[in-house]
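Undergrad: There's a structure below that I have some questions on.
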Amino acid sequence: MKTCRRFDAIRAEFERDVSFLRGHAERHQGSAPAKTRWKNAVSVKRNMARALNTHLARCPECG
C-alpha cells in the first residue's frame with residue numbers, strides 16, 4: 001500500500017516515542033518508573049494505531 005509523507009511522519013514520531021519509553025523501561029527494569037514507562041509505551045502504540053487509521057480514512061492520497 002502506498003502512503004503519503006504525512007503518514008510516514010506520523011508513524012516515525014510515534015515509533016520514536018515508543019522506542020524511548022521502552023529503552024528507559026529496559027534500562028531500569030524492576031523500578032516503578034520503568035513499569036510506568038512500559039505501560040505508557042503500550043498506550044502510545046494504541047494511540048499510533050488510532051491516529052494512523054484516522055489518517056488513512058481521511059487522506060485522499062493514502063486512501
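Residues in the C-alpha cells are named by chain (A, B, ... in the order shown) and by number from 1 within that chain; ligands are numbered from 1 in the order shown.
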Could you pull out the residues in chain A that DSSP calls helix (DSSP H, G or I) from the backbone, as a PyMOL selection string?
TA: chain A and resi 5-27+32-58
Undergrad: Mind writing the picked residues with N, CA and C atoms as a CSV table (one decimal), in the first residue's frame?
TA:
chain,number,residue,atom,x,y,z
A,5,ARG,N,3.7,11.2,2.6
A,5,ARG,CA,4.7,11.6,3.6
A,5,ARG,C,4.2,11.9,5.0
A,6,ARG,N,3.0,12.4,5.0
A,6,ARG,CA,2.4,12.8,6.4
A,6,ARG,C,2.2,11.5,7.2
A,7,PHE,N,1.8,10.4,6.5
A,7,PHE,CA,1.6,9.1,7.2
A,7,PHE,C,2.9,8.7,7.8
A,8,ASP,N,4.0,8.7,6.9
A,8,ASP,CA,5.3,8.3,7.4
A,8,ASP,C,5.8,9.2,8.5
A,9,ALA,N,5.5,10.5,8.5
A,9,ALA,CA,5.9,11.3,9.6
A,9,ALA,C,5.2,11.0,10.9
A,10,ILE,N,3.9,10.8,10.8
A,10,ILE,CA,3.1,10.4,12.0
A,10,ILE,C,3.7,9.1,12.6
A,11,ARG,N,3.9,8.2,11.7
A,11,ARG,CA,4.4,6.9,12.2
A,11,ARG,C,5.8,7.0,12.8
A,12,ALA,N,6.7,7.7,12.2
A,12,ALA,CA,8.0,7.9,12.7
A,12,ALA,C,8.0,8.6,14.1
A,13,GLU,N,7.2,9.6,14.3
A,13,GLU,CA,7.1,10.3,15.5
A,13,GLU,C,6.6,9.3,16.7
A,14,PHE,N,5.6,8.6,16.4
A,14,PHE,CA,5.1,7.6,17.4
A,14,PHE,C,6.1,6.6,17.7
A,15,GLU,N,6.8,6.0,16.7
A,15,GLU,CA,7.8,5.0,16.9
A,15,GLU,C,8.9,5.5,17.7
A,16,ARG,N,9.3,6.7,17.5
A,16,ARG,CA,10.4,7.3,18.3
A,16,ARG,C,10.0,7.4,19.7
A,17,ASP,N,8.8,7.8,20.0
A,17,ASP,CA,8.3,7.9,21.4
A,17,ASP,C,8.3,6.5,22.0
A,18,VAL,N,7.8,5.5,21.3
A,18,VAL,CA,7.7,4.2,21.8
A,18,VAL,C,9.1,3.6,22.1
A,19,SER,N,10.1,3.8,21.2
A,19,SER,CA,11.4,3.3,21.5
A,19,SER,C,12.1,4.0,22.7
A,20,PHE,N,11.8,5.3,22.9
A,20,PHE,CA,12.3,6.0,24.0
A,20,PHE,C,11.8,5.4,25.3
A,21,LEU,N,10.5,5.2,25.3
A,21,LEU,CA,9.8,4.7,26.6
A,21,LEU,C,10.3,3.2,26.8
A,22,ARG,N,10.4,2.4,25.8
A,22,ARG,CA,10.8,1.0,26.0
A,22,ARG,C,12.3,1.0,26.4
A,23,GLY,N,13.1,1.8,25.9
A,23,GLY,CA,14.5,1.9,26.2
A,23,GLY,C,14.7,2.2,27.7
A,24,HIS,N,13.9,3.2,28.1
A,24,HIS,CA,14.0,3.6,29.6
A,24,HIS,C,13.6,2.4,30.4
A,25,ALA,N,12.5,1.8,30.0
A,25,ALA,CA,12.0,0.6,30.8
A,25,ALA,C,13.0,-0.5,30.9
A,26,GLU,N,13.7,-0.8,29.8
A,26,GLU,CA,14.7,-1.9,29.8
A,26,GLU,C,15.9,-1.5,30.6
A,27,ARG,N,16.3,-0.2,30.6
A,27,ARG,CA,17.5,0.2,31.4
A,27,ARG,C,17.2,0.1,32.9
A,32,ALA,N,9.6,1.3,39.7
A,32,ALA,CA,8.3,1.8,39.4
A,32,ALA,C,8.2,2.7,38.2
A,33,PRO,N,9.2,3.6,38.0
A,33,PRO,CA,9.1,4.4,36.8
A,33,PRO,C,9.2,3.6,35.5
A,34,ALA,N,10.0,2.5,35.6
A,34,ALA,CA,10.1,1.6,34.4
A,34,ALA,C,8.8,0.9,34.0
A,35,LYS,N,8.1,0.5,35.1
A,35,LYS,CA,6.8,-0.1,34.8
A,35,LYS,C,5.8,0.9,34.2
A,36,THR,N,5.9,2.1,34.7
A,36,THR,CA,5.0,3.1,34.2
A,36,THR,C,5.4,3.4,32.7
A,37,ARG,N,6.6,3.5,32.4
A,37,ARG,CA,7.1,3.8,31.0
A,37,ARG,C,6.6,2.7,30.1
A,38,TRP,N,6.7,1.4,30.6
A,38,TRP,CA,6.3,0.3,29.7
A,38,TRP,C,4.8,0.4,29.4
A,39,LYS,N,4.0,0.7,30.4
A,39,LYS,CA,2.6,0.8,30.2
A,39,LYS,C,2.3,2.0,29.3
A,40,ASN,N,3.0,3.1,29.4
A,40,ASN,CA,2.9,4.2,28.6
A,40,ASN,C,3.2,3.9,27.1
A,41,ALA,N,4.2,3.0,26.9
A,41,ALA,CA,4.6,2.6,25.6
A,41,ALA,C,3.5,1.8,24.9
A,42,VAL,N,2.8,1.0,25.7
A,42,VAL,CA,1.7,0.2,25.2
A,42,VAL,C,0.6,1.2,24.8
A,43,SER,N,0.3,2.2,25.6
A,43,SER,CA,-0.7,3.2,25.3
A,43,SER,C,-0.4,4.0,24.1
A,44,VAL,N,0.9,4.3,23.9
A,44,VAL,CA,1.3,5.1,22.7
A,44,VAL,C,1.2,4.3,21.5
A,45,LYS,N,1.5,3.0,21.5
A,45,LYS,CA,1.3,2.1,20.4
A,45,LYS,C,-0.2,2.1,20.0
A,46,ARG,N,-1.1,2.0,21.0
A,46,ARG,CA,-2.5,2.0,20.7
A,46,ARG,C,-3.0,3.3,20.1
A,47,ASN,N,-2.4,4.4,20.6
A,47,ASN,CA,-2.7,5.8,20.0
A,47,ASN,C,-2.2,5.9,18.6
A,48,MET,N,-1.0,5.3,18.3
A,48,MET,CA,-0.5,5.3,17.0
A,48,MET,C,-1.4,4.6,16.0
A,49,ALA,N,-1.9,3.5,16.4
A,49,ALA,CA,-2.8,2.7,15.5
A,49,ALA,C,-4.1,3.6,15.2
A,50,ARG,N,-4.6,4.2,16.3
A,50,ARG,CA,-5.8,5.0,16.1
A,50,ARG,C,-5.5,6.2,15.2
A,51,ALA,N,-4.4,6.9,15.4
A,51,ALA,CA,-4.0,8.0,14.6
A,51,ALA,C,-3.8,7.7,13.1
A,52,LEU,N,-3.1,6.5,12.9
A,52,LEU,CA,-2.9,6.1,11.5
A,52,LEU,C,-4.1,5.7,10.8
A,53,ASN,N,-5.0,5.0,11.5
A,53,ASN,CA,-6.3,4.6,10.9
A,53,ASN,C,-7.1,5.8,10.6
A,54,THR,N,-7.1,6.8,11.4
A,54,THR,CA,-7.9,8.0,11.1
A,54,THR,C,-7.3,8.7,9.9
A,55,HIS,N,-6.0,8.8,9.9
A,55,HIS,CA,-5.3,9.4,8.7
A,55,HIS,C,-5.7,8.7,7.4
A,56,LEU,N,-5.6,7.4,7.4
A,56,LEU,CA,-5.9,6.6,6.2
A,56,LEU,C,-7.4,6.8,5.8
A,57,ALA,N,-8.3,7.0,6.7
A,57,ALA,CA,-9.7,7.2,6.4
A,57,ALA,C,-9.9,8.6,5.8
A,58,ARG,N,-9.1,9.6,6.1
A,58,ARG,CA,-9.3,11.0,5.7
A,58,ARG,C,-8.4,11.4,4.6
